[in-house]
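final14.txt follows (compact mmCIF, C-alpha atoms):
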```txt
# COMPACT_ATOMS: atom_id res chain seq x y z
CA MET P 1 0.00 0.00 0.00
CA ILE P 2 2.78 2.35 0.89
CA ALA P 3 4.56 1.36 -2.30
CA SER P 4 1.49 2.11 -4.46
CA ARG P 5 1.02 5.52 -2.72
CA ASP P 6 4.65 6.32 -3.53
CA LYS P 7 4.07 5.35 -7.14
CA ALA P 8 1.05 7.65 -7.58
CA PRO P 9 2.97 10.96 -7.72
CA GLU P 10 5.51 9.34 -10.03
CA ARG P 11 2.69 8.20 -12.35
CA GLU P 12 1.18 11.70 -12.36
CA ASP P 13 4.54 13.15 -13.31
CA ILE P 14 4.93 10.65 -16.11
CA GLU P 15 1.37 11.23 -17.35
CA ALA P 16 1.99 14.98 -17.46
CA LEU P 17 4.91 14.33 -19.82
CA LEU P 18 2.91 12.20 -22.29
CA PRO P 19 2.07 15.07 -24.71
CA TRP P 20 5.76 15.98 -25.03
CA HIS P 21 6.72 12.35 -25.36
CA ALA P 22 4.27 12.04 -28.26
CA ALA P 23 5.80 15.13 -29.89
CA GLY P 24 9.33 13.85 -29.32
CA THR P 25 10.44 16.95 -27.42
CA LEU P 26 11.50 15.35 -24.13
CA SER P 27 15.08 14.99 -23.03
CA ARG P 28 16.55 11.52 -23.47
CA ARG P 29 16.38 10.88 -19.75
CA ASP P 30 12.69 11.83 -19.45
CA ALA P 31 11.84 9.92 -22.61
CA GLU P 32 13.40 6.75 -21.13
CA ARG P 33 11.42 7.22 -17.90
CA VAL P 34 8.19 7.51 -19.87
CA GLU P 35 9.04 4.49 -22.05
CA GLN P 36 9.67 2.35 -18.99
CA ALA P 37 6.39 3.46 -17.36
CA LEU P 38 4.42 2.79 -20.55
CA ALA P 39 5.88 -0.69 -20.80
CA GLN P 40 4.74 -1.52 -17.26
CA ASP P 41 1.39 0.32 -17.05
CA ALA P 42 -1.39 -0.69 -19.45
CA GLU P 43 -3.71 2.16 -18.38
CA LEU P 44 -0.94 4.69 -18.95
CA ALA P 45 -0.32 3.17 -22.38
CA ARG P 46 -4.05 3.52 -23.19
CA ARG P 47 -3.96 7.17 -22.15
CA PHE P 48 -0.88 7.66 -24.31
CA GLU P 49 -2.95 6.49 -27.27
CA LEU P 50 -5.48 9.23 -26.45
CA VAL P 51 -2.64 11.76 -26.49
CA ARG P 52 -1.47 10.48 -29.89
CA GLU P 53 -5.02 10.79 -31.17
CA GLU P 54 -5.24 14.41 -29.96
CA MET P 55 -1.91 15.19 -31.54
CA ALA P 56 -2.90 13.72 -34.91
CA GLU P 57 -6.10 15.77 -35.01
CA THR P 58 -4.32 18.94 -33.86
CA ILE P 59 -1.88 18.57 -36.74
CA HIS P 60 -4.77 17.82 -39.12
CA LEU P 61 -6.65 20.88 -37.90
CA ASN P 62 -3.65 23.17 -38.32
CA GLU P 63 -2.78 21.78 -41.74
CA THR P 64 -6.25 22.60 -43.00
CA LEU P 65 -5.90 26.24 -41.99
CA GLY P 66 -4.25 27.04 -45.30
CA ALA P 67 -1.51 29.57 -45.91
CA PRO P 68 -1.39 33.34 -46.14
CA SER P 69 -1.85 34.92 -49.55
CA THR P 70 1.10 36.09 -51.63
CA ARG P 71 0.04 39.65 -50.89
CA VAL P 72 1.58 39.28 -47.43
CA ALA P 73 5.03 38.63 -48.88
CA GLN P 74 4.63 41.42 -51.41
CA ARG P 75 3.61 43.86 -48.70
CA LEU P 76 6.38 42.71 -46.38
CA PHE P 77 9.20 43.00 -48.90
CA ALA P 78 7.87 46.29 -50.23
CA ALA P 79 8.03 47.59 -46.65
CA ILE P 80 11.55 46.22 -46.24
CA ASP P 81 12.68 47.85 -49.48
CA ALA P 82 11.07 51.13 -48.53
CA GLU P 83 12.67 51.04 -45.10
CA SER P 84 16.17 50.04 -46.09
CA GLY P 85 16.38 51.40 -49.59
CA GLY P 86 16.72 47.78 -50.71
CA ALA P 87 19.36 45.75 -48.96
CA LYS P 88 19.92 43.53 -51.96
CA PRO P 89 23.47 43.45 -53.31
CA ARG P 90 24.17 46.54 -55.34
CA THR P 91 24.55 46.03 -59.06
CA LEU P 92 24.81 49.74 -59.81
CA PRO P 93 27.65 51.10 -61.95
CA PHE P 94 30.90 52.11 -60.26
CA GLU P 95 30.33 55.06 -57.92
CA PHE P 96 33.39 57.19 -57.20
CA SER P 97 31.92 58.55 -53.95
CA SER P 98 31.15 55.03 -52.70
CA TRP P 99 34.66 53.91 -53.60
CA ILE P 100 36.19 56.83 -51.69
CA ALA P 101 33.88 56.18 -48.73
CA GLY P 102 34.93 52.51 -48.73
CA LEU P 103 38.61 53.44 -48.76
CA ILE P 104 38.15 55.88 -45.89
CA GLU P 105 36.30 53.26 -43.86
CA GLN P 106 39.25 50.90 -44.21
CA LEU P 107 41.79 53.46 -42.95
CA SER P 108 42.79 53.66 -39.31
CA PRO P 109 42.56 57.13 -37.66
CA ARG P 110 46.34 57.55 -37.87
CA LYS P 111 46.42 56.60 -41.56
CA LEU P 112 43.44 58.87 -42.18
CA ALA P 113 45.26 61.84 -40.57
CA TRP P 114 48.36 61.26 -42.69
CA ALA P 115 46.23 60.95 -45.84
CA ALA P 116 44.47 64.25 -45.05
CA ALA P 117 47.79 66.02 -44.46
CA ALA P 118 49.17 64.71 -47.75
CA ALA P 119 46.04 65.86 -49.57
CA VAL P 120 46.35 69.39 -48.11
CA LEU P 121 50.04 69.55 -49.10
CA ALA P 122 49.21 68.45 -52.64
CA ILE P 123 46.56 71.15 -52.95
CA VAL P 124 48.93 73.87 -51.68
CA VAL P 125 51.69 72.83 -54.09
CA GLN P 126 49.22 72.69 -56.97
CA ALA P 127 47.85 76.17 -56.12
CA GLY P 128 51.41 77.57 -55.99
CA LEU P 129 52.25 76.12 -59.38
CA LEU P 130 49.09 77.57 -60.94
CA ALA P 131 49.75 81.01 -59.40
CA GLY P 132 53.30 80.99 -60.68
CA LEU P 133 52.13 80.08 -64.15
CA ILE P 134 49.60 82.93 -64.25
CA LEU P 135 52.07 85.51 -62.89
CA SER P 136 54.68 84.55 -65.40
CA GLN P 137 52.18 85.11 -68.22
CA HIS P 138 50.37 88.27 -67.09
CA GLY P 139 52.28 89.81 -64.22
CA ALA P 140 50.68 90.75 -60.93
CA SER P 141 47.70 93.05 -61.19
CA TYR P 142 44.61 94.03 -59.32
CA GLN P 143 41.50 95.12 -61.10
CA THR P 144 37.96 95.99 -60.16
CA ALA P 145 35.01 96.54 -62.41
CA SER P 146 35.33 100.31 -61.98
CA TYR P 147 39.09 100.61 -62.39
CA ARG P 148 40.35 100.52 -65.90
CA ASP P 149 43.87 101.68 -66.80
CA VAL P 150 42.90 102.22 -70.40
CA GLU P 151 40.09 104.63 -69.59
CA LEU P 152 42.12 106.54 -67.00
CA ALA P 153 44.85 107.07 -69.51
CA SER P 154 42.48 108.12 -72.28
CA PRO P 155 41.95 111.82 -73.04
CA GLY P 156 38.82 113.72 -71.96
CA ALA P 157 37.36 116.14 -69.42
CA PHE P 158 36.49 114.75 -65.98
CA ALA P 159 34.49 115.53 -62.87
CA LEU P 160 34.11 114.06 -59.41
CA VAL P 161 30.55 113.34 -58.43
CA ARG P 162 28.68 111.96 -55.46
CA PHE P 163 25.28 110.66 -56.42
CA ASN P 164 22.18 111.36 -54.37
CA PRO P 165 21.61 108.28 -52.19
CA ALA P 166 17.92 108.38 -53.13
CA ALA P 167 18.73 108.12 -56.84
CA SER P 168 18.06 104.79 -58.43
CA ALA P 169 20.40 103.03 -60.81
CA ALA P 170 18.00 103.87 -63.62
CA ASP P 171 18.10 107.57 -62.68
CA ILE P 172 21.90 107.57 -62.69
CA THR P 173 22.05 105.75 -66.02
CA ARG P 174 19.59 108.20 -67.58
CA PHE P 175 21.56 111.14 -66.11
CA LEU P 176 24.86 109.89 -67.53
CA ASP P 177 23.29 109.20 -70.93
CA SER P 178 21.67 112.62 -71.12
CA HIS P 179 25.04 114.31 -70.47
CA LYS P 180 27.00 111.86 -72.63
CA ALA P 181 29.07 111.02 -69.55
CA SER P 182 30.47 107.74 -68.21
CA VAL P 183 31.93 106.49 -64.92
CA VAL P 184 35.65 105.80 -65.20
CA GLU P 185 36.57 105.24 -61.56
CA GLY P 186 35.04 104.68 -58.14
CA PRO P 187 33.55 104.61 -55.84
CA ARG P 188 36.35 106.34 -53.94
CA GLY P 189 36.22 107.39 -50.34
CA GLY P 190 33.06 109.33 -49.49
CA GLY P 191 31.21 107.67 -52.37
CA MET P 192 32.87 109.84 -55.00
CA TYR P 193 32.98 108.75 -58.65
CA ARG P 194 35.26 110.07 -61.36
CA ILE P 195 33.20 110.57 -64.52
CA ARG P 196 34.18 111.58 -68.05
CA VAL P 197 32.02 114.51 -69.11
CA ALA P 198 33.65 115.21 -72.54
CA ALA P 199 35.44 112.93 -74.96
CA SER P 200 38.35 115.36 -75.20
CA SER P 201 39.87 117.95 -72.94
CA VAL P 202 37.98 121.23 -72.81
CA PRO P 203 38.81 124.69 -71.48
CA LYS P 204 38.22 125.22 -67.76
CA ASP P 205 35.26 127.63 -68.36
CA GLU P 206 33.52 125.11 -70.50
CA LEU P 207 34.16 122.33 -67.98
CA ASP P 208 32.75 124.57 -65.22
CA LYS P 209 29.66 125.17 -67.32
CA ILE P 210 29.16 121.46 -67.98
CA VAL P 211 29.54 120.68 -64.27
CA ALA P 212 27.09 123.49 -63.37
CA GLN P 213 24.50 122.06 -65.74
CA MET P 214 24.94 118.59 -64.28
CA ALA P 215 24.67 119.95 -60.72
CA GLU P 216 21.17 121.18 -61.51
CA ASP P 217 19.87 117.62 -61.53
CA LYS P 218 19.46 117.55 -57.76
CA ASN P 219 17.54 114.27 -57.81
CA VAL P 220 20.67 112.47 -59.00
CA VAL P 221 23.63 114.67 -58.06
CA ALA P 222 24.46 115.41 -54.45
CA PHE P 223 27.85 116.97 -55.13
CA ILE P 224 29.95 117.56 -58.25
CA VAL P 225 33.23 119.42 -59.02
CA PRO P 226 35.57 119.56 -62.03
CA ALA P 227 38.41 117.07 -61.82
CA PRO P 228 41.84 117.33 -63.38
CA MET L 1 24.00 19.35 -48.95
CA GLN L 2 22.98 21.00 -45.69
CA ALA L 3 20.51 23.87 -45.59
CA THR L 4 21.59 27.08 -43.92
CA SER L 5 20.49 27.10 -40.29
CA ASP L 6 17.87 29.58 -39.14
CA GLU L 7 20.45 31.16 -36.85
CA ALA L 8 22.85 31.73 -39.75
CA LEU L 9 20.02 33.23 -41.78
CA ILE L 10 19.16 35.63 -38.97
CA SER L 11 22.82 36.68 -38.73
CA ARG L 12 22.76 37.48 -42.43
CA ILE L 13 19.47 39.33 -42.08
CA ALA L 14 21.11 41.50 -39.42
CA THR L 15 23.55 42.67 -42.09
CA GLY L 16 20.71 43.58 -44.44
CA ASP L 17 20.70 40.39 -46.52
CA ARG L 18 17.29 40.44 -48.21
CA LEU L 19 17.75 36.98 -49.72
CA ALA L 20 18.27 35.46 -46.27
CA MET L 21 15.05 37.17 -45.23
CA GLN L 22 13.22 35.56 -48.14
CA VAL L 23 14.52 32.11 -47.16
CA LEU L 24 13.53 32.53 -43.51
CA TYR L 25 10.10 33.77 -44.54
CA ALA L 26 9.60 30.82 -46.89
CA ARG L 27 10.52 28.39 -44.10
CA HIS L 28 8.36 29.77 -41.36
CA HIS L 29 5.58 31.99 -42.62
CA VAL L 30 2.93 29.27 -42.91
CA ARG L 31 3.39 27.96 -39.37
CA VAL L 32 3.53 31.47 -37.93
CA TYR L 33 0.38 32.36 -39.86
CA ARG L 34 -1.46 29.30 -38.53
CA PHE L 35 -0.34 30.01 -34.98
CA VAL L 36 -1.63 33.57 -35.21
CA LEU L 37 -4.82 32.54 -36.99
CA ARG L 38 -5.64 30.06 -34.21
CA LEU L 39 -5.19 32.87 -31.70
CA VAL L 40 -7.10 35.66 -33.42
CA GLY L 41 -9.52 33.59 -35.53
CA ASN L 42 -9.54 36.04 -38.44
CA GLY L 43 -7.57 35.42 -41.64
CA ALA L 44 -7.22 39.06 -42.69
CA VAL L 45 -6.03 40.10 -39.23
CA ALA L 46 -3.62 37.14 -39.13
CA GLU L 47 -2.13 38.15 -42.50
CA ASP L 48 -1.57 41.71 -41.30
CA LEU L 49 0.03 40.42 -38.13
CA ILE L 50 2.51 38.04 -39.77
CA SER L 51 3.61 40.81 -42.09
CA ASP L 52 4.37 42.83 -38.95
CA VAL L 53 6.09 39.84 -37.34
CA PHE L 54 8.56 39.37 -40.17
CA LEU L 55 9.12 43.11 -40.48
CA ASP L 56 10.13 43.04 -36.81
CA VAL L 57 12.50 40.17 -37.58
CA TRP L 58 14.08 42.30 -40.30
CA ARG L 59 14.46 45.21 -37.90
CA GLN L 60 15.53 43.27 -34.81
CA ALA L 61 17.63 40.46 -36.29
CA ALA L 62 20.73 41.90 -34.64
CA THR L 63 19.13 41.45 -31.22
CA PHE L 64 18.55 37.70 -31.69
CA GLU L 65 20.89 35.91 -29.27
CA ALA L 66 20.10 32.30 -30.24
CA ARG L 67 19.23 31.39 -26.66
CA SER L 68 16.05 29.90 -28.11
CA ALA L 69 15.28 28.33 -31.46
CA ALA L 70 14.55 30.81 -34.22
CA SER L 71 11.07 29.31 -34.62
CA THR L 72 10.39 29.95 -30.92
CA TRP L 73 11.58 33.54 -31.31
CA LEU L 74 9.24 34.01 -34.27
CA LEU L 75 6.30 32.56 -32.35
CA ALA L 76 7.08 34.80 -29.39
CA ILE L 77 6.96 37.90 -31.58
CA ALA L 78 3.79 36.59 -33.25
CA ARG L 79 2.13 35.86 -29.91
CA PHE L 80 2.88 39.34 -28.60
CA LYS L 81 1.39 40.93 -31.71
CA ALA L 82 -1.65 38.67 -31.69
CA LEU L 83 -2.42 39.41 -28.05
CA SER L 84 -1.99 43.15 -28.66
CA ALA L 85 -4.40 42.93 -31.61
CA MET L 86 -6.91 40.98 -29.51
CA ARG L 87 -6.78 43.66 -26.83
CA ARG L 88 -7.41 46.36 -29.43
CA ARG L 89 -10.37 44.62 -31.10
CA PRO L 90 -13.55 43.18 -29.68
CA ASP L 91 -13.49 39.40 -29.18
CA GLU L 92 -16.47 38.82 -31.40
CA GLU L 93 -14.67 40.24 -34.41
CA LEU L 94 -11.64 38.02 -33.99
CA ASP L 95 -12.82 34.78 -32.55
CA ASP L 96 -15.50 33.94 -35.08
CA GLU L 97 -13.88 30.67 -36.09
CA ALA L 98 -13.82 29.32 -32.55
CA ALA L 99 -17.35 30.53 -31.95
CA GLY L 100 -18.51 28.72 -35.06
CA ALA L 101 -16.91 25.54 -33.80
CA ILE L 102 -18.98 25.39 -30.63
CA GLU L 103 -21.43 22.56 -30.82
CA ASP L 104 -25.08 23.34 -31.37
CA PRO L 105 -26.69 22.39 -28.02
CA THR L 106 -29.81 21.21 -29.81
CA ASP L 107 -27.81 18.41 -31.45
CA ASP L 108 -28.27 15.12 -29.67
CA PRO L 109 -24.78 13.71 -28.90
CA GLU L 110 -25.60 10.34 -30.41
CA VAL L 111 -26.89 11.96 -33.58
CA THR L 112 -23.71 14.02 -33.70
CA VAL L 113 -21.59 10.91 -33.48
CA GLN L 114 -23.54 9.30 -36.25
CA LYS L 115 -23.22 12.37 -38.44
CA LYS L 116 -19.50 12.83 -38.05
CA ASP L 117 -16.52 10.67 -37.51
CA LYS L 118 -14.59 10.84 -34.29
CA GLY L 119 -11.70 12.79 -35.79
CA GLU L 120 -13.95 15.53 -37.03
CA ILE L 121 -15.60 15.84 -33.62
CA LEU L 122 -12.22 16.00 -31.99
CA ARG L 123 -11.16 18.81 -34.30
CA LYS L 124 -14.38 20.68 -33.56
CA CYS L 125 -13.76 20.33 -29.85
CA LEU L 126 -10.14 21.44 -30.25
CA SER L 127 -11.41 24.60 -31.91
CA ALA L 128 -13.93 25.16 -29.14
CA LEU L 129 -11.28 25.31 -26.42
CA SER L 130 -10.42 28.60 -24.77
CA ALA L 131 -7.61 30.67 -26.31
CA ASP L 132 -5.15 29.66 -23.58
CA HIS L 133 -5.93 25.96 -24.01
CA ARG L 134 -5.86 26.13 -27.82
CA GLU L 135 -2.55 27.88 -27.66
CA ILE L 136 -0.79 25.38 -25.44
CA ILE L 137 -2.12 22.38 -27.35
CA ASP L 138 -0.98 23.92 -30.65
CA LEU L 139 2.44 24.79 -29.25
CA VAL L 140 3.03 21.27 -27.92
CA TYR L 141 1.44 19.11 -30.61
CA TYR L 142 1.81 21.14 -33.80
CA HIS L 143 4.75 23.48 -33.19
CA GLU L 144 6.64 20.80 -31.24
CA LYS L 145 7.77 23.07 -28.45
CA SER L 146 9.33 21.59 -25.32
CA VAL L 147 8.17 22.38 -21.78
CA GLU L 148 10.99 24.89 -21.41
CA GLU L 149 10.24 26.57 -24.73
CA VAL L 150 6.53 26.89 -23.98
CA ALA L 151 7.37 28.34 -20.57
CA GLY L 152 9.62 30.96 -22.16
CA LEU L 153 7.20 31.71 -24.94
CA VAL L 154 4.06 32.07 -22.84
CA GLY L 155 5.87 33.53 -19.84
CA ILE L 156 4.80 31.00 -17.21
CA PRO L 157 6.74 28.53 -15.02
CA GLU L 158 7.44 25.05 -16.39
CA ALA L 159 5.22 23.45 -13.76
CA THR L 160 2.36 25.70 -14.89
CA VAL L 161 2.97 24.63 -18.48
CA LYS L 162 2.37 20.99 -17.52
CA THR L 163 -0.67 21.88 -15.42
CA ARG L 164 -2.18 24.03 -18.16
CA MET L 165 -1.67 21.27 -20.70
CA PHE L 166 -3.33 18.80 -18.37
CA TYR L 167 -6.38 21.03 -17.91
CA ALA L 168 -6.57 21.75 -21.64
CA ARG L 169 -6.72 18.01 -22.33
CA LYS L 170 -9.22 17.52 -19.52
CA LYS L 171 -11.47 20.24 -20.99
CA LEU L 172 -11.13 18.61 -24.40
CA SER L 173 -12.34 15.32 -22.96
CA GLU L 174 -15.31 17.06 -21.38
CA LEU L 175 -16.24 18.67 -24.71
CA LEU L 176 -15.90 15.28 -26.41
CA LYS L 177 -18.07 13.66 -23.81
CA ALA L 178 -20.70 16.37 -24.34
CA ALA L 179 -20.49 15.62 -28.05
CA GLY L 180 -21.06 11.91 -27.38
CA VAL L 181 -17.49 10.64 -27.33
CA ASP L 182 -16.54 9.21 -23.94
CA ARG L 183 -12.84 8.45 -23.85
CA GLY L 184 -12.86 7.13 -20.29
CA TRP L 185 -10.48 9.81 -19.21
CA PRO L 186 -10.04 11.58 -16.85
```
Structure re-expressed in structure tokens:
Amino acid sequence: MIASRDKAPEREDIEALLPWHAAGTLSRRDAERVEQALAQDAELARRFELVREEMAETIHLNETLGAPSTRVAQRLFAAIDAESGGAKPRTLPFEFSSWIAGLIEQLSPRKLAWAAAAAVLAIVVQAGLLAGLILSQHGASYQTASYRDVELASPGAFALVRFNPAASAADITRFLDSHKASVVEGPRGGGMYRIRVAASSVPKDELDKIVAQMAEDKNVVAFIVPAP
Amino acid sequence: MQATSDEALISRIATGDRLAMQVLYARHHVRVYRFVLRLVGNGAVAEDLISDVFLDVWRQAATFEARSAASTWLLAIARFKALSAMRRRPDEELDDEAAGAIEDPTDDPEVTVQKKDKGEILRKCLSALSADHREIIDLVYYHEKSVEEVAGLVGIPEATVKTRMFYARKKLSELLKAAGVDRGWP
């Protein structure tokens, strides 16, 4: 009696393992325990047949559930492509930027620093060579849009003018056209411009008269005097 | 020739290998779909969910530590998503399949037995189990998960796994008996 009471918990333990024994997912040790119990206990063996029956119908039931439609895969891989930009192996033509990026990735920080220094040195040397080449051909010069040696050296009568700050570019252009004048230099300090008022040199009286006429256009001219 | 292991595929997926993702999907999508379908009972919802499951695999492949089988990892993700979906939607929308499987009480058990073979009745009763009982029976019998794997997947102690399986089988026997099939157990 004591022996059979001791066996009861053991049998319950074994019976609880029957579903996993049927599925073949027990450890070897537990599987051997169950096999031994089944060989000695006819009722347990009968119950094991019930378990096998349940398992067979569970598999049958699941197998009749069908499969998801192909739309699921299409949707999934479209989402993956959209998210990752397509992780498939690249078959694109050679990309210089990618190649450079790959090279940089392979360099250690020390190698990268040396490579950067060498690149800077190469650029400096190249710039020096180009500058030398240009200087040897043209000589050093500095030129702005309003400074022209040719015009300064050309003959004519000149005046210094400061335009009214309220005058528009169109007003100044119209003013210069109406007086057959042109800007030859400036702006200088104080916003002064040197303008040619006659194509050739004129007597001082005539230059004063021209300047006086121009000074009358107060909308454009703030200050004007004859210039040598 | 040996097929690439699931673990190797997941390692490749972690590096952005789309082909490895296609292979893993081909291997597992049907079982994952059936697992989810049995939980939520709605094909359209199940399809949406498995798409999300495999998208998570794509995103989280680098976090897979191979402490469990890849199939267990997939089912764990699927289970989490299915339960979240069930919480968001009313039961009646999702569980229509299981509801349809419940025996018509006006059927006389003996007539039922005559009308259908024992296997068909058993399948009907399997479908009529509660979600918890359906889940554990599917995991053990169909997905071939060990006690330890079920415990990890469902988040319960191993002893509870055995107890829950016992009560699921007991309930199944009661449903069978009500349908006219007395198995003499328990």
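Shortest separation to chain L among P:Met214, P:Leu18, P:Val161, P:Ala8 occurs at residue P:Leu18, atoms counted being all atoms listed in the file.
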### Task
Could you please give me, as a PyMOL selection string, the residues of protein, DNA or RNA lying at most 10 Å from (42.7, 121.5, -72.0) in the coordinate frame of the file, considering all atoms listed in the file?
chain P and resi 155-157+200-204+206-207+228
Write a file of the just-selected residues containing C-alpha atoms, as a compact mmCIF listing (two decimals), in the frame of the given file.
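Output (selection.txt):
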```
# COMPACT_ATOMS: atom_id res chain seq x y z
CA PRO P 155 41.95 111.82 -73.04
CA GLY P 156 38.82 113.72 -71.96
CA ALA P 157 37.36 116.14 -69.42
CA SER P 200 38.35 115.36 -75.20
CA SER P 201 39.87 117.95 -72.94
CA VAL P 202 37.98 121.23 -72.81
CA PRO P 203 38.81 124.69 -71.48
CA LYS P 204 38.22 125.22 -67.76
CA GLU P 206 33.52 125.11 -70.50
CA LEU P 207 34.16 122.33 -67.98
CA PRO P 228 41.84 117.33 -63.38
```
List every residue of chain P that has an atom at most 6 Å from any atom of chain L, and for each one report the closest atom pair and its distance in Å to one decimal, counting only C-alpha atoms, with rows sorted by chain and then by increasing residue number, as JSON lines.
```
{"residue": "P:Ala23", "atom": "CA", "partner": "L:Glu144", "partner_atom": "CA", "distance": 5.9}
{"residue": "P:Thr25", "atom": "CA", "partner": "L:Ser146", "partner_atom": "CA", "distance": 5.2}
{"residue": "P:Met55", "atom": "CA", "partner": "L:Tyr141", "partner_atom": "CA", "distance": 5.2}
{"residue": "P:Glu57", "atom": "CA", "partner": "L:Arg123", "partner_atom": "CA", "distance": 5.9}
{"residue": "P:Ile59", "atom": "CA", "partner": "L:Tyr142", "partner_atom": "CA", "distance": 5.4}
{"residue": "P:Ala67", "atom": "CA", "partner": "L:Val30", "partner_atom": "CA", "distance": 5.4}
{"residue": "P:Val72", "atom": "CA", "partner": "L:Ser51", "partner_atom": "CA", "distance": 5.9}
{"residue": "P:Leu76", "atom": "CA", "partner": "L:Ser51", "partner_atom": "CA", "distance": 5.4}
{"residue": "P:Ala87", "atom": "CA", "partner": "L:Gly16", "partner_atom": "CA", "distance": 5.2}
{"residue": "P:Lys88", "atom": "CA", "partner": "L:Arg18", "partner_atom": "CA", "distance": 5.5}
```
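Taking CA of Leu9 (chain L) and CA of Ser84 (chain P) as endpoints, the distance between them is 17.8 Å.
Of the residues under consideration (P:Ala42, P:Ile172, P:Ile14, P:Ala56), P:Ile14 shows the shortest atom-to-atom contact distance to Leu26 (chain P) when counting only C-alpha atoms.
Nearest residue to Ala128 (chain L) among L:Leu75, L:Ala70, L:Leu39, L:Ile10 is L:Leu39, counting only C-alpha atoms.
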### Query
Quick one: distance from CA of Ala151 (chain L) to CA of His21 (chain P) in Å, one decimal?
16.7 Å
### Atomic distance CA of Arg194 (chain P) - CA of Ile224 (chain P), expressed in Å with one decimal
9.7 Å
### Trp73 (chain L) surroundings by only C-alpha atoms, 12 Å radius, close-in-sequence under 6 positions cut, as a list in words
Asp6, Glu7, Ile10, His28, Val32, Val53, Phe54, Asp56, Val57, Gln60, Ala61, Thr63, Phe64, Glu65, Ala66, Arg67, Arg79, Phe80, Lys145, Glu149, Val150, Gly152, Leu153 and Val154 of chain L
### Task
Considering only C-alpha atoms, return as a ChimeraX atom specification whatever protein or nucleic-acid residues lie within 6 Å of Phe158 (chain P), sequence-local ones (same chain, fewer than 6 positions apart) excluded.
/P:195-197,227
Can you sort out the box for region 81-85 of chain L, edges along x, y and z, all listed atoms in, 8 Å on every side, with centre and edge lengths in Å to one decimal, as JSON?
```
{"center_x": -1.5, "center_y": 40.9, "center_z": -29.9, "size_x": 21.8, "size_y": 20.5, "size_z": 19.7}
```
